[in-house]
>>> print(open('structure-v4.cif').read())   # mmCIF, C-alpha atoms and all ligand atoms
data_my_file
loop_
_atom_site.group_PDB
_atom_site.id
_atom_site.type_symbol
_atom_site.label_atom_id
_atom_site.label_comp_id
_atom_site.auth_asym_id
_atom_site.auth_seq_id
_atom_site.Cartn_x
_atom_site.Cartn_y
_atom_site.Cartn_z
ATOM 1 C CA MET A 1 167.327 -12.683 102.499
ATOM 2 C CA LYS A 2 169.121 -11.402 99.422
ATOM 3 C CA CYS A 3 168.644 -8.300 97.283
ATOM 4 C CA LEU A 4 166.607 -9.240 94.224
ATOM 5 C CA LYS A 5 168.787 -7.013 92.055
ATOM 6 C CA CYS A 6 172.344 -7.786 93.092
ATOM 7 C CA GLY A 7 172.280 -10.723 95.519
ATOM 8 C CA ARG A 8 173.920 -8.818 98.365
ATOM 9 C CA PRO A 9 172.249 -9.026 101.792
ATOM 10 C CA ALA A 10 168.874 -7.278 101.705
ATOM 11 C CA VAL A 11 168.191 -4.573 104.294
ATOM 12 C CA PHE A 12 164.495 -4.163 103.584
ATOM 13 C CA HIS A 13 161.751 -6.572 102.661
ATOM 14 C CA MET A 14 158.396 -5.517 101.192
ATOM 15 C CA ARG A 15 156.039 -8.443 101.555
ATOM 16 C CA HIS A 16 153.272 -6.764 99.536
ATOM 17 C CA HIS A 17 155.617 -6.383 96.536
ATOM 18 C CA LYS A 18 157.455 -9.692 97.219
ATOM 19 C CA LEU A 19 160.602 -7.615 96.982
ATOM 20 C CA ALA A 20 163.750 -7.452 99.120
ATOM 21 C CA LEU A 21 166.506 -4.919 98.389
ATOM 22 C CA CYS A 22 169.939 -3.961 99.645
ATOM 23 C CA GLU A 23 171.047 -0.589 100.964
ATOM 24 C CA ILE A 24 172.066 0.547 97.471
ATOM 25 C CA HIS A 25 169.025 -0.667 95.566
ATOM 26 C CA TYR A 26 166.352 0.182 98.114
ATOM 27 C CA PRO A 27 166.876 3.984 97.984
ATOM 28 C CA GLU A 28 167.082 3.761 94.202
ATOM 29 C CA TRP A 29 163.755 1.923 94.091
ATOM 30 C CA PHE A 30 162.199 4.421 96.503
ATOM 31 C CA VAL A 31 163.250 7.457 94.443
ATOM 32 C CA LYS A 32 162.022 5.813 91.249
ATOM 33 C CA GLN A 33 158.624 5.059 92.840
ATOM 34 C CA THR A 34 158.289 8.706 93.851
ATOM 35 C CA GLU A 35 159.214 9.926 90.398
ATOM 36 C CA ARG A 36 156.767 7.482 88.841
ATOM 37 C CA ALA A 37 153.909 8.757 91.015
ATOM 38 C CA ILE A 38 154.745 12.372 90.060
ATOM 39 C CA GLN A 39 154.547 11.418 86.394
ATOM 40 C CA LYS A 40 151.604 9.011 86.604
ATOM 41 C CA TYR A 41 149.317 11.517 88.310
ATOM 42 C CA ARG A 42 150.802 14.481 86.363
ATOM 43 C CA MET A 43 151.594 16.194 89.648
ATOM 44 C CA PHE A 44 154.064 18.745 88.237
ATOM 45 C CA ASP A 45 156.522 19.220 85.375
ATOM 46 C CA PRO A 46 160.324 19.020 85.698
ATOM 47 C CA GLY A 47 160.601 22.827 85.510
ATOM 48 C CA ALA A 48 157.902 23.526 88.122
ATOM 49 C CA ARG A 49 158.500 25.727 91.160
ATOM 50 C CA VAL A 50 157.644 23.463 94.052
ATOM 51 C CA LEU A 51 156.816 24.490 97.615
ATOM 52 C CA ILE A 52 157.120 21.670 100.142
ATOM 53 C CA ALA A 53 155.492 21.785 103.560
ATOM 54 C CA VAL A 54 158.057 20.368 105.992
ATOM 55 C CA SER A 55 157.127 19.424 109.537
ATOM 56 C CA GLY A 56 160.450 18.007 110.746
ATOM 57 C CA GLY A 57 158.949 14.512 110.529
ATOM 58 C CA LYS A 58 160.347 11.668 108.445
ATOM 59 C CA ASP A 59 157.952 11.869 105.506
ATOM 60 C CA SER A 60 158.340 15.522 104.623
ATOM 61 C CA LEU A 61 162.127 15.475 105.110
ATOM 62 C CA ALA A 62 162.437 12.315 102.991
ATOM 63 C CA LEU A 63 160.326 13.917 100.270
ATOM 64 C CA TRP A 64 162.380 17.101 100.349
ATOM 65 C CA ASP A 65 165.536 14.995 100.016
ATOM 66 C CA VAL A 66 164.145 12.949 97.113
ATOM 67 C CA LEU A 67 162.828 15.982 95.209
ATOM 68 C CA MET A 68 166.141 17.827 95.529
ATOM 69 C CA GLY A 69 167.932 14.680 94.393
ATOM 70 C CA LEU A 70 165.693 14.492 91.330
ATOM 71 C CA GLY A 71 166.662 18.064 90.478
ATOM 72 C CA TYR A 72 163.373 19.841 91.190
ATOM 73 C CA ALA A 73 163.377 23.514 92.171
ATOM 74 C CA VAL A 74 161.939 22.951 95.623
ATOM 75 C CA HIS A 75 161.590 25.379 98.531
ATOM 76 C CA GLY A 76 160.703 24.337 102.080
ATOM 77 C CA LEU A 77 158.031 25.842 104.319
ATOM 78 C CA TYR A 78 158.008 25.233 108.061
ATOM 79 C CA ILE A 79 154.990 26.496 109.979
ATOM 80 C CA ASP A 80 155.790 27.068 113.642
ATOM 81 C CA LEU A 81 152.464 26.446 115.374
ATOM 82 C CA GLY A 82 153.818 27.067 118.875
ATOM 83 C CA ILE A 83 153.037 23.593 120.252
ATOM 84 C CA ASP A 84 154.930 23.411 123.536
ATOM 85 C CA TRP A 85 154.193 20.739 126.139
ATOM 86 C CA ARG A 86 156.984 21.447 128.603
ATOM 87 C CA HIS A 87 154.394 22.533 131.200
ATOM 88 C CA LYS A 88 152.937 19.007 130.991
ATOM 89 C CA GLY A 89 156.317 17.294 131.222
ATOM 90 C CA GLY A 90 156.558 16.919 127.445
ATOM 91 C CA ILE A 91 158.756 18.582 124.870
ATOM 92 C CA ASP A 92 158.677 21.929 123.099
ATOM 93 C CA TYR A 93 157.385 20.079 120.064
ATOM 94 C CA SER A 94 157.372 22.952 117.568
ATOM 95 C CA SER A 95 160.887 24.105 118.471
ATOM 96 C CA VAL A 96 162.304 20.571 118.359
ATOM 97 C CA SER A 97 160.654 20.005 114.959
ATOM 98 C CA ARG A 98 161.920 23.314 113.663
ATOM 99 C CA GLU A 99 165.440 22.395 114.749
ATOM 100 C CA LYS A 100 165.253 19.171 112.712
ATOM 101 C CA VAL A 101 164.352 21.205 109.628
ATOM 102 C CA VAL A 102 167.230 23.621 110.274
ATOM 103 C CA GLN A 103 169.670 20.731 110.766
ATOM 104 C CA PHE A 104 168.508 18.958 107.627
ATOM 105 C CA ALA A 105 168.901 22.114 105.520
ATOM 106 C CA ALA A 106 172.329 22.845 107.010
ATOM 107 C CA THR A 107 173.716 19.606 105.552
ATOM 108 C CA ARG A 108 172.383 20.292 102.055
ATOM 109 C CA PRO A 109 173.720 23.457 100.443
ATOM 110 C CA GLU A 110 170.837 23.673 97.927
ATOM 111 C CA ALA A 111 168.106 23.487 100.606
ATOM 112 C CA ARG A 112 166.214 26.760 101.089
ATOM 113 C CA PHE A 113 163.250 27.274 103.345
ATOM 114 C CA THR A 114 160.912 29.798 104.910
ATOM 115 C CA VAL A 115 159.594 29.740 108.469
ATOM 116 C CA VAL A 116 156.172 31.156 109.298
ATOM 117 C CA ASP A 117 155.794 31.684 113.038
ATOM 118 C CA VAL A 118 152.052 31.725 113.667
ATOM 119 C CA ALA A 119 152.243 33.548 117.028
ATOM 120 C CA ALA A 120 154.570 36.234 115.633
ATOM 121 C CA GLU A 121 152.468 36.817 112.519
ATOM 122 C CA TYR A 122 148.945 36.482 113.846
ATOM 123 C CA GLY A 123 149.348 37.380 117.505
ATOM 124 C CA GLU A 124 148.563 33.964 118.976
ATOM 125 C CA SER A 125 150.014 30.478 118.690
ATOM 126 C CA MET A 126 147.801 27.711 117.344
ATOM 127 C CA PRO A 127 147.036 26.249 120.824
ATOM 128 C CA GLN A 128 146.191 29.750 122.144
ATOM 129 C CA ALA A 129 143.793 30.404 119.268
ATOM 130 C CA ALA A 130 142.235 26.967 119.738
ATOM 131 C CA GLN A 131 141.887 27.536 123.484
ATOM 132 C CA ARG A 132 140.124 30.868 122.883
ATOM 133 C CA ILE A 133 137.712 29.410 120.331
ATOM 134 C CA ARG A 134 137.074 25.999 121.835
ATOM 135 C CA ARG A 135 137.775 26.790 125.512
ATOM 136 C CA GLY A 136 139.731 23.602 126.028
ATOM 137 C CA ARG A 137 137.058 21.355 124.538
ATOM 138 C CA ASP A 138 138.295 18.648 122.177
ATOM 139 C CA LYS A 139 141.565 18.648 120.373
ATOM 140 C CA PRO A 140 142.835 21.690 118.498
ATOM 141 C CA CYS A 141 143.364 19.656 115.309
ATOM 142 C CA SER A 142 140.575 21.196 113.239
ATOM 143 C CA ILE A 143 141.850 24.711 113.992
ATOM 144 C CA CYS A 144 145.422 23.561 113.435
ATOM 145 C CA GLY A 145 144.423 22.155 110.037
ATOM 146 C CA LEU A 146 142.635 25.377 109.138
ATOM 147 C CA ILE A 147 145.717 27.476 110.023
ATOM 148 C CA LYS A 148 148.125 25.188 108.158
ATOM 149 C CA ARG A 149 145.980 25.117 104.997
ATOM 150 C CA HIS A 150 145.664 28.899 105.027
ATOM 151 C CA VAL A 151 149.368 29.582 105.582
ATOM 152 C CA MET A 152 150.485 27.005 103.015
ATOM 153 C CA ASN A 153 148.179 28.443 100.398
ATOM 154 C CA ARG A 154 149.189 32.017 101.235
ATOM 155 C CA VAL A 155 152.925 31.316 100.947
ATOM 156 C CA ALA A 156 152.403 29.322 97.740
ATOM 157 C CA ARG A 157 150.387 32.144 96.184
ATOM 158 C CA ASP A 158 152.660 34.955 97.346
ATOM 159 C CA GLY A 159 155.736 33.121 96.090
ATOM 160 C CA ASP A 160 154.043 32.193 92.814
ATOM 161 C CA TYR A 161 154.723 28.476 93.243
ATOM 162 C CA ASP A 162 153.244 26.058 90.732
ATOM 163 C CA VAL A 163 152.460 23.376 93.264
ATOM 164 C CA LEU A 164 152.387 22.713 96.987
ATOM 165 C CA VAL A 165 153.553 19.237 97.974
ATOM 166 C CA THR A 166 153.134 17.415 101.268
ATOM 167 C CA GLY A 167 154.679 14.213 102.616
ATOM 168 C CA HIS A 168 151.403 12.278 103.109
ATOM 169 C CA ASN A 169 152.154 8.591 102.694
ATOM 170 C CA LEU A 170 149.963 5.600 101.878
ATOM 171 C CA ASP A 171 149.186 4.936 105.559
ATOM 172 C CA ASP A 172 147.962 8.536 105.955
ATOM 173 C CA GLU A 173 145.864 8.348 102.809
ATOM 174 C CA ALA A 174 144.404 4.924 103.607
ATOM 175 C CA ALA A 175 143.509 6.048 107.157
ATOM 176 C CA ALA A 176 141.866 9.229 105.848
ATOM 177 C CA LEU A 177 139.990 7.173 103.286
ATOM 178 C CA PHE A 178 138.895 4.705 105.963
ATOM 179 C CA GLY A 179 137.500 7.550 108.083
ATOM 180 C CA ASN A 180 135.789 9.174 105.124
ATOM 181 C CA VAL A 181 134.155 5.899 104.122
ATOM 182 C CA LEU A 182 133.178 5.000 107.682
ATOM 183 C CA HIS A 183 131.271 8.274 107.988
ATOM 184 C CA TRP A 184 130.380 8.533 104.274
ATOM 185 C CA LYS A 185 131.884 11.966 103.923
ATOM 186 C CA THR A 186 131.243 12.171 100.200
ATOM 187 C CA GLY A 187 132.553 15.729 99.906
ATOM 188 C CA TYR A 188 135.897 14.703 101.410
ATOM 189 C CA LEU A 189 135.967 11.551 99.312
ATOM 190 C CA ALA A 190 135.494 13.699 96.215
ATOM 191 C CA ARG A 191 138.504 15.812 97.134
ATOM 192 C CA GLN A 192 140.831 13.039 98.341
ATOM 193 C CA ALA A 193 143.307 12.566 95.496
ATOM 194 C CA PRO A 194 147.053 12.335 94.773
ATOM 195 C CA VAL A 195 146.808 15.710 93.060
ATOM 196 C CA LEU A 196 144.274 18.511 93.411
ATOM 197 C CA PRO A 197 144.321 21.001 90.551
ATOM 198 C CA ALA A 198 144.495 24.733 91.256
ATOM 199 C CA GLN A 199 141.113 26.403 91.559
ATOM 200 C CA GLY A 200 141.116 29.719 89.736
ATOM 201 C CA GLU A 201 143.618 32.238 91.056
ATOM 202 C CA GLY A 202 142.939 31.357 94.674
ATOM 203 C CA LEU A 203 143.721 27.763 95.543
ATOM 204 C CA VAL A 204 147.135 26.502 94.592
ATOM 205 C CA ARG A 205 147.679 23.050 93.065
ATOM 206 C CA LYS A 206 148.438 20.354 95.658
ATOM 207 C CA ALA A 207 150.207 17.027 95.297
ATOM 208 C CA LYS A 208 151.229 14.052 97.454
ATOM 209 C CA PRO A 209 154.132 12.263 95.740
ATOM 210 C CA PHE A 210 154.379 9.616 98.528
ATOM 211 C CA CYS A 211 150.725 8.586 98.349
ATOM 212 C CA ARG A 212 151.597 5.069 97.118
ATOM 213 C CA LEU A 213 154.465 4.497 99.565
ATOM 214 C CA TYR A 214 153.964 2.831 102.935
ATOM 215 C CA GLU A 215 155.025 4.622 106.087
ATOM 216 C CA ARG A 216 157.598 1.923 106.830
ATOM 217 C CA GLU A 217 159.033 2.498 103.353
ATOM 218 C CA THR A 218 159.559 6.211 104.008
ATOM 219 C CA ALA A 219 160.986 5.309 107.444
ATOM 220 C CA ALA A 220 163.437 2.870 105.840
ATOM 221 C CA TYR A 221 164.500 5.520 103.334
ATOM 222 C CA THR A 222 165.231 8.119 106.053
ATOM 223 C CA LEU A 223 167.215 5.529 107.991
ATOM 224 C CA ILE A 224 169.366 4.529 105.012
ATOM 225 C CA ALA A 225 169.753 8.135 103.837
ATOM 226 C CA GLY A 226 170.802 9.170 107.362
ATOM 227 C CA ILE A 227 168.064 11.765 107.793
ATOM 228 C CA ASP A 228 167.421 12.767 111.389
ATOM 229 C CA TYR A 229 163.826 13.728 112.170
ATOM 230 C CA VAL A 230 161.500 14.335 115.105
ATOM 231 C CA TYR A 231 160.488 10.902 116.400
ATOM 232 C CA ALA A 232 157.791 12.101 118.744
ATOM 233 C CA GLU A 233 154.226 12.480 117.526
ATOM 234 C CA CYS A 234 152.527 15.802 118.077
ATOM 235 C CA PRO A 235 151.250 15.650 121.699
ATOM 236 C CA TYR A 236 147.743 16.404 120.469
ATOM 237 C CA ALA A 237 147.819 13.370 118.169
ATOM 238 C CA ILE A 238 147.629 10.962 121.118
ATOM 239 C CA GLY A 239 144.277 9.224 121.028
ATOM 240 C CA ALA A 240 143.373 10.705 117.640
ATOM 241 C CA THR A 241 140.862 8.703 115.631
ATOM 242 C CA SER A 242 143.194 8.713 112.629
ATOM 243 C CA LEU A 243 145.734 6.739 114.705
ATOM 244 C CA ARG A 244 143.030 4.201 115.563
ATOM 245 C CA TYR A 245 142.207 3.805 111.891
ATOM 246 C CA LYS A 246 145.909 3.334 111.151
ATOM 247 C CA GLU A 247 146.126 0.576 113.743
ATOM 248 C CA THR A 248 143.085 -1.225 112.359
ATOM 249 C CA LEU A 249 144.446 -1.043 108.822
ATOM 250 C CA SER A 250 147.874 -2.206 109.990
ATOM 251 C CA GLN A 251 146.314 -5.290 111.574
ATOM 252 C CA MET A 252 144.604 -6.070 108.295
ATOM 253 C CA GLU A 253 147.840 -5.425 106.424
ATOM 254 C CA HIS A 254 149.666 -7.820 108.711
ATOM 255 C CA GLN A 255 147.219 -10.597 107.885
ATOM 256 C CA ALA A 256 147.051 -9.785 104.185
ATOM 257 C CA PRO A 257 150.038 -7.797 102.869
ATOM 258 C CA GLY A 258 149.004 -5.222 100.299
ATOM 259 C CA THR A 259 145.617 -4.456 101.902
ATOM 260 C CA LYS A 260 146.296 -0.734 102.332
ATOM 261 C CA LEU A 261 147.610 -0.347 98.807
ATOM 262 C CA GLN A 262 144.661 -2.208 97.290
ATOM 263 C CA PHE A 263 142.204 -0.207 99.376
ATOM 264 C CA TYR A 264 143.680 3.103 98.238
ATOM 265 C CA LEU A 265 144.286 2.230 94.587
ATOM 266 C CA GLY A 266 140.810 0.673 94.319
ATOM 267 C CA PHE A 267 139.382 3.920 95.633
ATOM 268 C CA LEU A 268 141.303 5.957 93.041
ATOM 269 C CA ARG A 269 139.764 3.817 90.301
ATOM 270 C CA ALA A 270 136.257 4.149 91.772
ATOM 271 C CA ARG A 271 136.790 7.872 92.176
ATOM 272 C CA LYS A 272 136.680 8.359 88.454
ATOM 273 C CA GLU A 273 132.991 7.514 88.534
ATOM 274 C CA ALA A 274 130.439 10.252 88.134
ATOM 275 C CA PHE A 275 129.120 10.345 91.716
ATOM 276 C CA PHE A 276 132.364 11.590 93.243
ATOM 277 C CA ARG A 277 133.110 13.879 90.311
ATOM 278 C CA GLU A 278 129.837 15.716 90.651
ATOM 279 C CA ARG A 279 130.479 16.241 94.343
ATOM 280 C CA ALA A 280 133.920 17.650 93.586
ATOM 281 C CA GLU A 281 132.565 20.084 91.042
ATOM 282 C CA GLY A 282 129.599 21.152 93.136
ATOM 283 C CA VAL A 283 131.560 23.417 95.527
ATOM 284 C CA THR A 284 131.591 27.117 94.660
ATOM 285 C CA LEU A 285 134.272 29.307 96.142
ATOM 286 C CA THR A 286 134.422 33.091 96.372
ATOM 287 C CA PRO A 287 137.355 35.276 97.501
ATOM 288 C CA CYS A 288 137.397 36.167 101.211
ATOM 289 C CA HIS A 289 136.742 39.916 101.740
ATOM 290 C CA ASN A 290 139.744 40.186 104.035
ATOM 291 C CA CYS A 291 142.560 37.967 102.736
ATOM 292 C CA GLY A 292 141.377 37.173 99.219
ATOM 293 C CA GLN A 293 141.760 33.410 99.597
ATOM 294 C CA PRO A 294 138.933 31.295 98.205
ATOM 295 C CA SER A 295 136.244 30.332 100.652
ATOM 296 C CA SER A 296 132.892 28.579 100.631
ATOM 297 C CA ALA A 297 131.523 31.247 103.013
ATOM 298 C CA PRO A 298 130.049 34.394 101.385
ATOM 299 C CA ASP A 299 132.135 37.103 103.139
ATOM 300 C CA LEU A 300 135.012 36.091 105.447
ATOM 301 C CA CYS A 301 136.875 32.783 105.160
ATOM 302 C CA ALA A 302 137.078 30.458 108.190
ATOM 303 C CA PHE A 303 140.700 31.501 108.839
ATOM 304 C CA CYS A 304 139.878 35.230 109.031
ATOM 305 C CA ARG A 305 136.809 34.517 111.179
ATOM 306 C CA LEU A 306 139.144 32.689 113.579
ATOM 307 C CA TRP A 307 141.077 35.892 114.361
ATOM 308 C CA GLU A 308 137.932 38.088 114.350
ATOM 309 C CA ARG A 309 136.251 36.279 117.231
HETATM 310 S S1 LIG B 1 148.015 16.325 115.672
HETATM 311 FE FE1 LIG B 1 149.115 18.214 116.170
HETATM 312 S S2 LIG B 1 149.992 18.929 114.234
HETATM 313 FE FE2 LIG B 1 148.427 17.407 113.743
HETATM 314 S S3 LIG B 1 146.570 18.616 113.384
HETATM 315 FE FE3 LIG B 1 146.536 17.981 115.559
HETATM 316 S S4 LIG B 1 147.489 19.680 116.636
HETATM 317 FE FE4 LIG B 1 148.015 19.935 114.486
HETATM 318 ZN ZN ZN B 2 171.151 -4.721 95.645
HETATM 319 ZN ZN ZN B 3 140.253 35.287 104.765
#
>>> encode(input="structure-v4.cif", output="structure tokens", more="lines below")
Ligand code: SF4
Ligand SMILES: [Zn+2]
Ligand SMILES: [Zn+2]
Amino acid sequence: MKCLKCGRPAVFHMRHHKLALCEIHYPEWFVKQTERAIQKYRMFDPGARVLIAVSGGKDSLALWDVLMGLGYAVHGLYIDLGIDWRHKGGIDYSSVSREKVVQFAATRPEARFTVVDVAAEYGESMPQAAQRIRRGRDKPCSICGLIKRHVMNRVARDGDYDVLVTGHNLDDEAAALFGNVLHWKTGYLARQAPVLPAQGEGLVRKAKPFCRLYERETAAYTLIAGIDYVYAECPYAIGATSLRYKETLSQMEHQAPGTKLQFYLGFLRARKEAFFRERAEGVTLTPCHNCGQPSSAPDLCAFCRLWER
């Protein structure tokens, strides 16, 4: 197969776009798609101060790379959750991930980042806090999500960033959408968007510049750009429902290329309708008495309650 732009051998073929590109034109296309999404959804302006949550995985490192390349003032944030599975024959996942972030930044002189070590700052790692609260029941993912959201918002507020960006790709968004539709979580559907505006002083603006790009597209970019990342999934992700949804959607995609993109973009169009909008506007938030972050609870936010118990 040949590159549609220059006729050289193509390295990557996107069946859903009927497009094959070479190793020069694919990264160019990828960067342009990201930039287009930032502009189309008015995610942030060229002069914005951008905080990027980096996990050491391919998506967040690729996004960091692309945003720096586009000339944005972007600062990384790595949250060390203390996920270590060496006692179960696995890897010290958080340390390995952290190392990938350090390595990435070391090769790019303009890359700056902050590390928040959850155990050092709050007295317990994420799995320890989850164990205390849930006593080993279920996965710690809901508590992990709560901690990450709190820390990201805190760092973004303290550093006066205009926007917090994450590396969520189309596969992530389509799987989340699938789950939200399957269980008719209308509140989540109302808040699932490429960009979430800031709410008052408390909740920082959030954006997902890769929301229209397939996971295999971000993977191809990291490969061509020579970005090394943590290949392993988080050990707690094994058996997660979101992975099952991803598999189901990937089967459908295989039979009909473009399914995921149509599903997600169709949702974004439907989202503009009044039903979802009302749900989005119906949530009232008040500042937490302890940390000041917005919360739907009247006194302490869920994060502060976590450390109180
Ligand atoms: S899979 Fe791992 S990183 Fe993701 S939410 Fe669950 S515990 Fe946290
Ligand atoms: Zn080419
Ligand atoms: Zn709080």
>>> resolve_selection(input="structure-v4.cif", expression="the PyMOL selection byres (((chain A and resi 307) around 10) and not hetatm)", output="list in words")
Tyr122, Gly123, Glu124, Ala129, Arg132, Ile133, Ala302, Phe303, Cys304, Arg305, Leu306, Glu308 and Arg309 of chain A
>>> resolve_selection(input="structure-v4.cif", expression="the PyMOL selection byres (((not hetatm)) within 6 of (chain B and resi 2))", output="PyMOL selection string")
chain A and resi 3+5-6+8+21-22+24-25
>>> residues_near_ligand(input="structure-v4.cif", ligand="ligand LIG 1 (chain B)", cutoff="12 Å", atoms="all atoms listed in the file", output="PyMOL selection string")
chain A and resi 54-57+78-85+93-94+97+125-131+138-149+172+232-243
>>> residues_near_ligand(input="structure-v4.cif", ligand="ligand ZN 3 (chain B)", cutoff="7 Å", atoms="all atoms listed in the file", output="ChimeraX atom specification")
/A:288-293,300-304
>>> write_last_selection(input="structure-v4.cif", atoms="C-alpha atoms", output="short mmCIF file (atom, residue, chain, number, x, y, z; two decimals), in the coordinates of the input")
data_model
loop_
_atom_site.label_atom_id
_atom_site.label_comp_id
_atom_site.auth_asym_id
_atom_site.auth_seq_id
_atom_site.Cartn_x
_atom_site.Cartn_y
_atom_site.Cartn_z
CA CYS A 288 137.40 36.17 101.21
CA HIS A 289 136.74 39.92 101.74
CA ASN A 290 139.74 40.19 104.04
CA CYS A 291 142.56 37.97 102.74
CA GLY A 292 141.38 37.17 99.22
CA GLN A 293 141.76 33.41 99.60
CA LEU A 300 135.01 36.09 105.45
CA CYS A 301 136.88 32.78 105.16
CA ALA A 302 137.08 30.46 108.19
CA PHE A 303 140.70 31.50 108.84
CA CYS A 304 139.88 35.23 109.03
#
>>> resolve_selection(input="structure-v4.cif", expression="the PyMOL selection byres (((chain A and resi 153) around 9) and not hetatm)", output="ChimeraX atom specification")
/A:148-152,154-158,164,202-204,293
>>> write_last_selection(input="structure-v4.cif", atoms="C-alpha atoms", output="short mmCIF file (atom, residue, chain, number, x, y, z; two decimals), in the frame of the given file")
data_model
loop_
_atom_site.label_atom_id
_atom_site.label_comp_id
_atom_site.auth_asym_id
_atom_site.auth_seq_id
_atom_site.Cartn_x
_atom_site.Cartn_y
_atom_site.Cartn_z
CA LYS A 148 148.12 25.19 108.16
CA ARG A 149 145.98 25.12 105.00
CA HIS A 150 145.66 28.90 105.03
CA VAL A 151 149.37 29.58 105.58
CA MET A 152 150.49 27.00 103.02
CA ARG A 154 149.19 32.02 101.24
CA VAL A 155 152.93 31.32 100.95
CA ALA A 156 152.40 29.32 97.74
CA ARG A 157 150.39 32.14 96.18
CA ASP A 158 152.66 34.96 97.35
CA LEU A 164 152.39 22.71 96.99
CA GLY A 202 142.94 31.36 94.67
CA LEU A 203 143.72 27.76 95.54
CA VAL A 204 147.14 26.50 94.59
CA GLN A 293 141.76 33.41 99.60
#
>>> residues_around(input="structure-v4.cif", residues="stretch 26-34 of chain A", least_positions_apart="3", cutoff="7 Å", atoms="all atoms listed in the file", output="list of chain:residue names")
A:Leu21, A:Cys22, A:Glu23, A:Ala37, A:Ile38, A:Val66, A:Pro209, A:Phe210, A:Tyr221
>>> closest_residue(input="structure-v4.cif", among="A:Phe12, A:Phe104, A:Tyr214, A:Tyr41", to="A:Leu170", atoms="all atoms listed in the file")
A:Tyr214
>>> residues_around(input="structure-v4.cif", residues="A:Thr286", least_positions_apart="3", cutoff="7 Å", atoms="only C-alpha atoms", output="PyMOL selection string")
chain A and resi 294-296+298
>>> write_last_selection(input="structure-v4.cif", atoms="C-alpha atoms", output="PDB file, in the coordinates of the input")
ATOM      1  CA  PRO A 294     138.933  31.295  98.205  1.00  0.00           C
ATOM      2  CA  SER A 295     136.244  30.332 100.652  1.00  0.00           C
ATOM      3  CA  SER A 296     132.892  28.579 100.631  1.00  0.00           C
ATOM      4  CA  PRO A 298     130.049  34.394 101.385  1.00  0.00           C
TER       5      PRO A 298
END
>>> residues_around(input="structure-v4.cif", residues="A:Met1", least_positions_apart="6", cutoff="8 Å", atoms="only C-alpha atoms", output="compact mmCIF listing (two decimals) with C-alpha atoms, keeping the file's coordinate frame")
# COMPACT_ATOMS: atom_id res chain seq x y z
CA PRO A 9 172.25 -9.03 101.79
CA ALA A 10 168.87 -7.28 101.70
CA ALA A 20 163.75 -7.45 99.12
>>> atom_distance(input="structure-v4.cif", atom1="atom CA of A:Phe44", atom2="atom CA of A:Val165")
9.8 Å
>>> closest_atom_pairs(input="structure-v4.cif", of="stretch 14-83 of chain A", to="stretch 253-261 of chain A", cutoff="8 Å", atoms="all atoms listed in the file", output="JSON lines")
{"residue": "A:Arg15", "atom": "CA", "partner": "A:Pro257", "partner_atom": "CA", "distance": 6.2}
{"residue": "A:His16", "atom": "CA", "partner": "A:Gly258", "partner_atom": "CA", "distance": 4.6}
{"residue": "A:His17", "atom": "CA", "partner": "A:Gly258", "partner_atom": "CA", "distance": 7.7}
>>> closest_residue(input="structure-v4.cif", among="A:His183, A:Arg205, A:Arg269, A:Arg137", to="A:Arg49", atoms="only C-alpha atoms")
A:Arg205
>>> closest_residue(input="structure-v4.cif", among="A:Leu268, A:Ala176, A:Ala190, A:Ala53", to="A:Val115", atoms="all atoms listed in the file")
A:Ala53
>>> closest_residue(input="structure-v4.cif", among="A:Ile52, A:Leu189, A:Ala119, A:Met43", to="A:Cys211", atoms="only C-alpha atoms")
A:Met43
>>> closest_residue(input="structure-v4.cif", among="A:Ala111, A:Val96, A:Ala193, A:Leu4", to="A:Arg42", atoms="only C-alpha atoms")
A:Ala193
